[in-house]
There are 2 protein chains.
Amino acid sequence: MSVNLSAPDPSQLFAIAGVRMGVAQAGIRKVGRDDLTVMLLDSGVSVAGVLTQNRCCAAPVLVCREHLSVRGGTGQGGIRALLINTGCANACTGDDGYARAQETCQALAGRLGMGIAPQQVLPFSTGVIMEALPVDKVVAGLDTALADARPDHWLKAARAIMTTDTVPKAFGAQVLIDGAVVSITGISKGAGMIHPNMATMLGFLATDACVSPGVMQQLVTELAEGSFNRVTVDGDTSTNDSFVLMASHRAAHAPVTSLDSAAGQSLRAALLGVAQKLAQAIVRDGEGASKFITLKVEGGKTSAECLQVGFAIAHSPLVKTAFFASDPNLGRILAAVGYAGVTDMDQTLIDLYLDDVQVAGQGARYPAYRESDGQRVMQQSEITVRVVLGRGLASETVWTCDLSHDYVSINADYRS
Amino acid sequence: MSVNLSAPDPSQLFAIAGVRMGVAQAGIRKVGRDDLTVMLLDSGVSVAGVLTQNRCCAAPVLVCREHLSVRGGTGQGGIRALLINTGCANACTGDDGYARAQETCQALAGRLGMGIAPQQVLPFSTGVIMEALPVDKVVAGLDTALADARPDHWLKAARAIMTTDTVPKAFGAQVLIDGAVVSITGISKGAGMIHPNMATMLGFLATDACVSPGVMQQLVTELAEGSFNRVTVDGDTSTNDSFVLMASHRAAHAPVTSLDSAAGQSLRAALLGVAQKLAQAIVRDGEGASKFITLKVEGGKTSAECLQVGFAIAHSPLVKTAFFASDPNLGRILAAVGYAGVTDMDQTLIDLYLDDVQVAGQGARYPAYRESDGQRVMQQSEITVRVVLGRGLASETVWTCDLSHDYVSINADYRS
C-alpha cells in the first residue's frame, strides 16, 4: 500500500518572468548530487515569507527575518536572490552559524554585482542540525549555480532541494485576473514536519501577478495558514521551516491592492490551490506514509477549536497506527477529540464519519454502523475522516498520514 | 535491550487495615483470566479521586464523578467499594453505557447489604471502546470476587486489572508519622497513556493513615500531579484514566489536617514515592518501550513552562525514535525545546546534558562534546536528559520511554 505521490507534471510548471533557478553540486554532505540552488529575481519582484516559530530557529532563519524586514515586499531595492543548500541545517550553531549564513549572502551578492547588497539575499539551509555550514563549499558552488540559472529550471530546483524526500515536489497553475493570464509555479521539500537530521519543510511559490507590496505579507501569511500550517506528519516543527512568496508584476493586469477585491480573491484562491498541493505532497511523501488522511472538523464554535481537534487526531500515535493497520478502531478518534482541549465540549453531540460511513452518532456507536463498512474505508490509501462537533458553524481541514514501521526505521536508522 | 520492569516485591505490599481485595473470572472479553476486582472498604475510610479530563470520558468516569461528589472524602456514609473490570471500557457508549455502569453499582451494593447505597460504589472499566458492557457477566462474577476478598490480595488485584500490561504493578512503603507506623500500598495498570482498545491508566493507592476528609482531595490532586501527570508513553489521554486514594484512619497518630504540617509533609512524601513508582512502572512497561527516559527541565520561569518543554520532548516522535536507535541525535531535543510554546525563550541561554555529558551550551554544540560520549549514554536502558533554560529557578521532571517498532506492531496489530 502506498499513497499517490503526485509526481510533478512538467507541462504545469510555468516559467515565471523575472525568476530564474540554477543548481550546483557543492558536495556539502554528499558528493555527486545537486545540493545548492540559487533563485534569481529581477529588480522589482516583491518577496514575503513566513518562517518557523521554533524558538531554536536556525541561523539562516534569523538572517532571513532580518533581510525580509529591511528588504522584503518592497519591490525596488528588495530581495534579488534566494540561496538554498541541503546537507547542513546550520541550526543550533550560535553566533558562528549566524556569521556563516551572512558570509554566503555576501558571497552571492558580490557575484551578482550591480550594487546588490548582502541584505538582498535570503539564505535557506536544510540538513543535519548542530554542525557547522561549510561556507567554502557553498561559495565554491556559486559560479556553477549562477551559470545554470534559467526560468524553466523548476523541476531541477525541486530535485536539488530534496533531502530524504522520495520525489521532487513542484506544481503550477494559471488563472485569469482581469482578463490577463497569470502563472503560478512552486516547489517544496520535506518528508516530515521536521525530518530526521535532514530537518525542515521549505516552500517557494512564484507568480508573475502584480501584487501591491503592501499586501504581500498578508497574502503569504494567509497562504501558509491554509496550506503548510494544515499538514502534519509527526507534529515536530522544524528549526528551519520557511515559505516564501515571490510576485514579479509581469502579468498584464492592474496591481492587486486588496485581497478582498474580486482580483485579490481569484489570485489568492489560485495561489492557495498550488500551495496546498505543495503542502499535501509533503504529507504524501511523509516518512513511511502508506495512507493520506484528510481530517475535516465541522460544527465547531471557532476555527481555532476545529484546528485543535484536527491536530489532536492527526498527532495521536494510536490513531495513526490504526490507519496504518487499516483497523477501524474508531474509539481512538473519539478519545483524541475528547482530549483536544476544548473543555466545554459535550460528547453527546459528536458525530463521526469515515468517508460516507457514519460511525458514531451523539458520541456513541451509530446504530446502523457495521464494522465491515469501516473496514472497507480503512483499506483505502486515501481516507477522509469527518468529525461534527455540533457546537457551531466553523470548520477546518487538516491533512496527515499514518504511522508505520517505516517511520520508525527511517528515523531510528538515519545516521547509522 | 529492555528496561527494568520493577516486578512487585511481595514483602513491600502491606495489608492496609480496612481494605480488602477479591477477584473473579467473569469472562468479560476472554475466558480463563481474572478480569473482575472488588476493593471493599470498611466504614469510615476516606476516598478521593482524580479522573480523566478527556471530554469523551467513559460512563464509569461519569458515575465516579457523581458518586465522589456525593460520598467522596466524607468518611462515614462514604464510598464502601470499588468495582473494576477489564475487557470493556464502557466508553463512547452514551446513555446506555451510563445505565449499565449504574446497574453494576446497584448489584454490588445489593450484595454488600447493610443499607449500602449504589452511590457508595465506584465503578472502573478498561478495555475496548465503543462496545456495550456485559452487565450480566459482571454481576455473575460478583459473588466469587466478594468471597475472595482479603487484605493481602494486592498482587492478585494488580494482576486482575492488567490488560496488555506485561507485568503487574504494585508497590508499598512504610513511614513513621508522629511515631506511628503508617503503611501504604498501591496498584496500577496501563502500558500507554491510552492503550490500543484496551484503554486506560488506573491507579489505586491505599494507606492506613489518618487523613482529615477535608484535605483528601487536595492530597490526591497533588499526588496525581507529581506522578501520573508526569508520565507519558504516547501523549494520548484515555477516556477512562482514574487515580483513587483511600485512607483508612487505622494508624495510631493524630489526624493530618494540613499538608503543610510536618506530619502532612511526611505522609505526602511517602505517598508520592509510591505513586511515582506506580506511574513510572507504566512507562517502563510502555508499549514497545526499550528505554526509560527521565527528562529534567531546569531554569524555567515557571513550573508550567518547564512541563511544556518536558512534554514537548517526551511527545516528539523524532526524539523517541532517536532514543530507540541509541542515536545521540541531539539537535532533535533542542528543536523540541524550541517549539514547546515558550515564546519568549532565548535559545542562546540553553544548556543540554545527557546524564553527566554536556552536549550543548548556549544553544550550540558544547565545544568539549564528543559524539562517542553521547553514544555511550544513549546505549543505556535508563537515561536522564537535563535541559537548562537559563530563565529562572523553576524545575520539573517528566518520565517517558522510547518509540520502537514494537509500539507500532502492538498498536497496529492489536485487533487483528
# chains A, B, ... in the order shown; residues from 1 in each chain; ligands from 1
$ select_by_dssp --residues "range 117-325 of chain B" --states "strand (DSSP E)" --output "ChimeraX atom specification"
/B:121-128,169-177,180-189,202-207,231-232,242-247,292-300
$ residues_around --residues "range 95-112 of chain A" --least-positions-apart "3" --cutoff "8 Å" --atoms "only C-alpha atoms" --output "PyMOL selection string"
chain A and resi 59-60+62-63+83+90-92+116-123+132-133+135+138-139+142-143
$ residues_around --residues "Ser409 in chain A" --least-positions-apart "5" --cutoff "9 Å" --atoms "only C-alpha atoms" --output "list in words"
Gly288, Ser404 and Tyr414 of chain A; Thr321, Ala325, Ser404 and His405 of chain B
$ write_last_selection --atoms "N, CA and C atoms" --output "mmCIF file, in the first residue's frame"
data_model
loop_
_atom_site.group_PDB
_atom_site.id
_atom_site.type_symbol
_atom_site.label_atom_id
_atom_site.label_comp_id
_atom_site.auth_asym_id
_atom_site.auth_seq_id
_atom_site.Cartn_x
_atom_site.Cartn_y
_atom_site.Cartn_z
ATOM 1 N N GLY A 288 7.587 7.087 5.771
ATOM 2 C CA GLY A 288 6.904 5.810 5.971
ATOM 3 C C GLY A 288 5.420 5.818 5.681
ATOM 4 N N SER A 404 3.816 4.250 10.508
ATOM 5 C CA SER A 404 4.126 2.887 10.085
ATOM 6 C C SER A 404 5.457 2.429 10.669
ATOM 7 N N TYR A 414 18.541 6.583 10.568
ATOM 8 C CA TYR A 414 19.055 7.564 9.631
ATOM 9 C C TYR A 414 20.555 7.771 9.676
ATOM 10 N N THR B 321 12.290 8.113 18.651
ATOM 11 C CA THR B 321 12.926 7.117 17.782
ATOM 12 C C THR B 321 14.443 7.207 17.898
ATOM 13 N N ALA B 325 16.970 4.129 18.788
ATOM 14 C CA ALA B 325 18.127 3.777 17.965
ATOM 15 C C ALA B 325 19.453 3.996 18.699
ATOM 16 N N SER B 404 9.425 2.529 19.522
ATOM 17 C CA SER B 404 10.095 1.416 18.853
ATOM 18 C C SER B 404 9.203 0.784 17.798
ATOM 19 N N HIS B 405 9.782 -0.112 17.034
ATOM 20 C CA HIS B 405 8.985 -0.912 16.104
ATOM 21 C C HIS B 405 7.857 -1.634 16.834
#
$ residues_around --residues "Met345 in chain A" --least-positions-apart "6" --cutoff "9 Å" --atoms "only C-alpha atoms" --output "list in words"
Gly338, Leu389 and Arg391 of chain A; Arg55 and Cys56 of chain B
$ write_last_selection --atoms "C-alpha atoms" --output "PDB file, in the first residue's frame"
ATOM      1  CA  GLY A 338     -12.063  14.345  23.797  1.00  0.00           C
ATOM      2  CA  LEU A 389     -18.865  18.705  16.932  1.00  0.00           C
ATOM      3  CA  ARG A 391     -21.387  23.334  18.596  1.00  0.00           C
TER       4      ARG A 391
ATOM      5  CA  ARG B  55     -14.245  15.275  27.280  1.00  0.00           C
ATOM      6  CA  CYS B  56     -15.233  11.958  25.761  1.00  0.00           C
TER       7      CYS B  56
END
$ atom_distance --atom1 "CA of Ala160 in chain A" --atom2 "CA of Ile79 in chain A"
21.3 Å
$ select_by_dssp --residues "range 73-316 of chain A" --states "helix (DSSP H, G or I)" --output "PDB file with C-alpha atoms, in the first residue's frame"
ATOM      1  CA  GLY A  94      25.166  30.001  17.687  1.00  0.00           C
ATOM      2  CA  ASP A  95      26.943  33.180  16.612  1.00  0.00           C
ATOM      3  CA  ASP A  96      29.307  31.237  14.387  1.00  0.00           C
ATOM      4  CA  GLY A  97      26.373  29.821  12.417  1.00  0.00           C
ATOM      5  CA  TYR A  98      24.905  33.296  12.001  1.00  0.00           C
ATOM      6  CA  ALA A  99      28.203  34.640  10.673  1.00  0.00           C
ATOM      7  CA  ARG A 100      28.487  31.755   8.206  1.00  0.00           C
ATOM      8  CA  ALA A 101      24.980  32.359   6.863  1.00  0.00           C
ATOM      9  CA  GLN A 102      25.840  36.035   6.370  1.00  0.00           C
ATOM     10  CA  GLU A 103      29.085  35.105   4.598  1.00  0.00           C
ATOM     11  CA  THR A 104      27.184  33.104   1.995  1.00  0.00           C
ATOM     12  CA  CYS A 105      24.866  36.060   1.369  1.00  0.00           C
ATOM     13  CA  GLN A 106      27.859  38.345   0.923  1.00  0.00           C
ATOM     14  CA  ALA A 107      29.491  35.937  -1.500  1.00  0.00           C
ATOM     15  CA  LEU A 108      26.383  35.654  -3.654  1.00  0.00           C
ATOM     16  CA  ALA A 109      25.678  39.409  -3.572  1.00  0.00           C
ATOM     17  CA  GLY A 110      29.284  40.059  -4.625  1.00  0.00           C
ATOM     18  CA  ARG A 111      28.943  37.744  -7.628  1.00  0.00           C
ATOM     19  CA  LEU A 112      25.638  39.348  -8.650  1.00  0.00           C
ATOM     20  CA  PRO A 118      24.017  41.087   1.087  1.00  0.00           C
ATOM     21  CA  GLN A 119      20.702  42.137   2.648  1.00  0.00           C
ATOM     22  CA  GLN A 120      19.069  41.467  -0.734  1.00  0.00           C
ATOM     23  CA  VAL A 135      30.957  28.079   3.724  1.00  0.00           C
ATOM     24  CA  ASP A 136      33.869  27.335   1.409  1.00  0.00           C
ATOM     25  CA  LYS A 137      31.938  24.581  -0.367  1.00  0.00           C
ATOM     26  CA  VAL A 138      28.839  26.761  -0.718  1.00  0.00           C
ATOM     27  CA  VAL A 139      30.856  29.646  -2.137  1.00  0.00           C
ATOM     28  CA  ALA A 140      32.783  27.350  -4.489  1.00  0.00           C
ATOM     29  CA  GLY A 141      29.458  26.157  -5.944  1.00  0.00           C
ATOM     30  CA  LEU A 142      28.006  29.594  -6.632  1.00  0.00           C
ATOM     31  CA  ASP A 143      29.507  30.199 -10.075  1.00  0.00           C
ATOM     32  CA  THR A 144      28.173  26.906 -11.419  1.00  0.00           C
ATOM     33  CA  ALA A 145      24.712  27.579  -9.997  1.00  0.00           C
ATOM     34  CA  LEU A 146      24.634  31.111 -11.409  1.00  0.00           C
ATOM     35  CA  ALA A 147      25.708  29.925 -14.859  1.00  0.00           C
ATOM     36  CA  TRP A 154      11.725  24.478 -11.656  1.00  0.00           C
ATOM     37  CA  LEU A 155      11.977  20.693 -11.695  1.00  0.00           C
ATOM     38  CA  LYS A 156      15.760  20.813 -11.428  1.00  0.00           C
ATOM     39  CA  ALA A 157      15.459  23.122  -8.417  1.00  0.00           C
ATOM     40  CA  ALA A 158      12.779  20.899  -6.861  1.00  0.00           C
ATOM     41  CA  ARG A 159      15.200  17.974  -7.076  1.00  0.00           C
ATOM     42  CA  ALA A 160      18.138  19.966  -5.726  1.00  0.00           C
ATOM     43  CA  PRO A 213       3.908  45.220  -1.870  1.00  0.00           C
ATOM     44  CA  GLY A 214       1.534  46.316   0.885  1.00  0.00           C
ATOM     45  CA  VAL A 215      -0.494  43.103   0.754  1.00  0.00           C
ATOM     46  CA  MET A 216       2.371  40.626   0.203  1.00  0.00           C
ATOM     47  CA  GLN A 217       2.829  39.778   3.877  1.00  0.00           C
ATOM     48  CA  GLN A 218      -0.888  39.296   4.474  1.00  0.00           C
ATOM     49  CA  LEU A 219      -1.082  37.120   1.370  1.00  0.00           C
ATOM     50  CA  VAL A 220       1.832  34.837   2.252  1.00  0.00           C
ATOM     51  CA  THR A 221       0.571  34.524   5.825  1.00  0.00           C
ATOM     52  CA  GLU A 222      -2.900  33.500   4.663  1.00  0.00           C
ATOM     53  CA  LEU A 223      -1.434  31.051   2.137  1.00  0.00           C
ATOM     54  CA  ALA A 224       0.783  29.420   4.759  1.00  0.00           C
ATOM     55  CA  GLU A 225      -2.137  29.260   7.168  1.00  0.00           C
ATOM     56  CA  GLY A 226      -4.290  27.452   4.611  1.00  0.00           C
ATOM     57  CA  PHE A 228       1.646  24.335   5.149  1.00  0.00           C
ATOM     58  CA  ASN A 229       0.112  25.087   8.554  1.00  0.00           C
ATOM     59  CA  ARG A 230      -2.616  22.492   7.870  1.00  0.00           C
ATOM     60  CA  ALA A 262     -12.500  40.161  -6.925  1.00  0.00           C
ATOM     61  CA  ALA A 263      -8.995  40.049  -8.407  1.00  0.00           C
ATOM     62  CA  GLY A 264      -7.486  39.551  -4.975  1.00  0.00           C
ATOM     63  CA  GLN A 265      -9.795  36.677  -4.184  1.00  0.00           C
ATOM     64  CA  SER A 266      -9.167  34.948  -7.515  1.00  0.00           C
ATOM     65  CA  LEU A 267      -5.421  35.275  -7.156  1.00  0.00           C
ATOM     66  CA  ARG A 268      -5.415  34.094  -3.565  1.00  0.00           C
ATOM     67  CA  ALA A 269      -7.554  31.070  -4.437  1.00  0.00           C
ATOM     68  CA  ALA A 270      -5.238  30.087  -7.283  1.00  0.00           C
ATOM     69  CA  LEU A 271      -2.105  30.538  -5.174  1.00  0.00           C
ATOM     70  CA  LEU A 272      -3.702  28.608  -2.318  1.00  0.00           C
ATOM     71  CA  GLY A 273      -4.512  25.725  -4.650  1.00  0.00           C
ATOM     72  CA  VAL A 274      -0.848  25.379  -5.592  1.00  0.00           C
ATOM     73  CA  ALA A 275       0.349  25.925  -2.007  1.00  0.00           C
ATOM     74  CA  GLN A 276      -1.994  23.168  -0.799  1.00  0.00           C
ATOM     75  CA  LYS A 277      -0.661  20.752  -3.412  1.00  0.00           C
ATOM     76  CA  LEU A 278       2.882  21.571  -2.332  1.00  0.00           C
ATOM     77  CA  ALA A 279       1.956  21.036   1.320  1.00  0.00           C
ATOM     78  CA  GLN A 280      -0.045  17.870   0.718  1.00  0.00           C
ATOM     79  CA  ALA A 281       2.816  16.438  -1.328  1.00  0.00           C
ATOM     80  CA  ILE A 282       4.937  16.599   1.827  1.00  0.00           C
ATOM     81  CA  VAL A 283       2.383  14.511   3.718  1.00  0.00           C
ATOM     82  CA  ARG A 284       2.033  12.036   0.839  1.00  0.00           C
ATOM     83  CA  SER A 303     -11.879  27.791  13.565  1.00  0.00           C
ATOM     84  CA  ALA A 304      -9.301  27.611  16.332  1.00  0.00           C
ATOM     85  CA  GLU A 305     -11.114  24.830  18.173  1.00  0.00           C
ATOM     86  CA  CYS A 306     -11.669  22.925  14.929  1.00  0.00           C
ATOM     87  CA  LEU A 307      -7.908  23.037  14.335  1.00  0.00           C
ATOM     88  CA  GLN A 308      -7.238  21.950  17.926  1.00  0.00           C
ATOM     89  CA  VAL A 309      -9.399  18.871  17.382  1.00  0.00           C
ATOM     90  CA  GLY A 310      -7.964  18.193  13.917  1.00  0.00           C
ATOM     91  CA  PHE A 311      -4.371  18.292  15.129  1.00  0.00           C
ATOM     92  CA  ALA A 312      -5.159  16.215  18.239  1.00  0.00           C
ATOM     93  CA  ILE A 313      -6.391  13.459  15.915  1.00  0.00           C
ATOM     94  CA  ALA A 314      -3.547  13.993  13.442  1.00  0.00           C
ATOM     95  CA  HIS A 315      -0.886  13.761  16.162  1.00  0.00           C
TER      96      HIS A 315
END
$ residues_around --residues "Ala335 in chain A" --least-positions-apart "3" --cutoff "7 Å" --atoms "only C-alpha atoms" --output "JSON, numbers by chain"
{"A": [331, 332, 338, 339], "B": [56, 238, 239]}
$ write_last_selection --atoms "N, CA and C atoms" --output "PDB file, in the first residue's frame"
ATOM      1  N   GLY A 331     -12.871   4.264  18.307  1.00  0.00           N
ATOM      2  CA  GLY A 331     -12.882   4.874  19.624  1.00  0.00           C
ATOM      3  C   GLY A 331     -11.633   5.720  19.842  1.00  0.00           C
ATOM      4  N   ARG A 332     -10.529   5.341  19.185  1.00  0.00           N
ATOM      5  CA  ARG A 332      -9.302   6.130  19.312  1.00  0.00           C
ATOM      6  C   ARG A 332      -9.491   7.547  18.796  1.00  0.00           C
ATOM      7  N   GLY A 338     -11.752  14.030  22.406  1.00  0.00           N
ATOM      8  CA  GLY A 338     -12.063  14.345  23.797  1.00  0.00           C
ATOM      9  C   GLY A 338     -10.928  15.011  24.539  1.00  0.00           C
ATOM     10  N   TYR A 339      -9.687  14.710  24.163  1.00  0.00           N
ATOM     11  CA  TYR A 339      -8.573  15.331  24.907  1.00  0.00           C
ATOM     12  C   TYR A 339      -7.948  16.489  24.155  1.00  0.00           C
TER      13      TYR A 339
ATOM     14  N   CYS B  56     -14.494  13.157  26.154  1.00  0.00           N
ATOM     15  CA  CYS B  56     -15.233  11.958  25.761  1.00  0.00           C
ATOM     16  C   CYS B  56     -14.990  10.887  26.816  1.00  0.00           C
ATOM     17  N   SER B 238      -6.430   8.911  28.049  1.00  0.00           N
ATOM     18  CA  SER B 238      -7.510   7.938  27.924  1.00  0.00           C
ATOM     19  C   SER B 238      -8.868   8.521  28.290  1.00  0.00           C
ATOM     20  N   THR B 239      -9.894   7.851  27.806  1.00  0.00           N
ATOM     21  CA  THR B 239     -11.277   8.157  28.196  1.00  0.00           C
ATOM     22  C   THR B 239     -11.589   7.686  29.604  1.00  0.00           C
TER      23      THR B 239
END
$ closest_residue --among "B:Thr37, B:Thr164, B:Thr384, B:Thr52" --to "chain A" --atoms "only C-alpha atoms"
B:Thr52
$ closest_residue --among "A:Arg365, A:Lys296, A:Lys189, A:Arg250" --to "chain B" --atoms "only C-alpha atoms"
A:Arg365
$ decode --residues "range 169-185 of chain A" --atoms "N, CA and C atoms" --output "short mmCIF file (atom, residue, chain, number, x, y, z; two decimals), in the first residue's frame"
data_model
loop_
_atom_site.label_atom_id
_atom_site.label_comp_id
_atom_site.auth_asym_id
_atom_site.auth_seq_id
_atom_site.Cartn_x
_atom_site.Cartn_y
_atom_site.Cartn_z
N LYS A 169 8.91 17.84 -5.55
CA LYS A 169 7.57 18.40 -5.34
C LYS A 169 7.50 19.75 -6.06
N ALA A 170 6.71 19.80 -7.14
CA ALA A 170 6.59 21.02 -7.93
C ALA A 170 5.21 21.03 -8.56
N PHE A 171 4.53 22.16 -8.46
CA PHE A 171 3.18 22.28 -9.02
C PHE A 171 3.01 23.68 -9.59
N GLY A 172 2.07 23.82 -10.53
CA GLY A 172 1.79 25.12 -11.09
C GLY A 172 0.33 25.24 -11.46
N ALA A 173 -0.06 26.46 -11.81
CA ALA A 173 -1.44 26.71 -12.23
C ALA A 173 -1.46 28.03 -12.98
N GLN A 174 -2.52 28.21 -13.76
CA GLN A 174 -2.73 29.51 -14.40
C GLN A 174 -4.14 29.97 -14.09
N VAL A 175 -4.30 31.27 -13.99
CA VAL A 175 -5.61 31.82 -13.65
C VAL A 175 -5.76 33.15 -14.39
N LEU A 176 -6.99 33.49 -14.74
CA LEU A 176 -7.25 34.78 -15.39
C LEU A 176 -7.55 35.83 -14.33
N ILE A 177 -6.81 36.93 -14.37
CA ILE A 177 -7.07 38.06 -13.47
C ILE A 177 -7.34 39.26 -14.35
N ASP A 178 -8.53 39.79 -14.27
CA ASP A 178 -8.91 40.93 -15.13
C ASP A 178 -8.57 40.65 -16.59
N GLY A 179 -8.80 39.42 -17.03
CA GLY A 179 -8.57 39.07 -18.43
C GLY A 179 -7.15 38.73 -18.79
N ALA A 180 -6.23 38.89 -17.87
CA ALA A 180 -4.83 38.56 -18.15
C ALA A 180 -4.48 37.18 -17.58
N VAL A 181 -3.66 36.42 -18.34
CA VAL A 181 -3.21 35.13 -17.84
C VAL A 181 -2.12 35.35 -16.79
N VAL A 182 -2.35 34.80 -15.62
CA VAL A 182 -1.35 34.86 -14.55
C VAL A 182 -0.84 33.45 -14.30
N SER A 183 0.48 33.30 -14.23
CA SER A 183 1.08 31.98 -14.00
C SER A 183 1.59 31.87 -12.57
N ILE A 184 1.53 30.65 -12.06
CA ILE A 184 1.97 30.37 -10.69
C ILE A 184 2.76 29.06 -10.72
N THR A 185 3.95 29.04 -10.13
CA THR A 185 4.70 27.80 -10.00
C THR A 185 5.39 27.77 -8.65
#
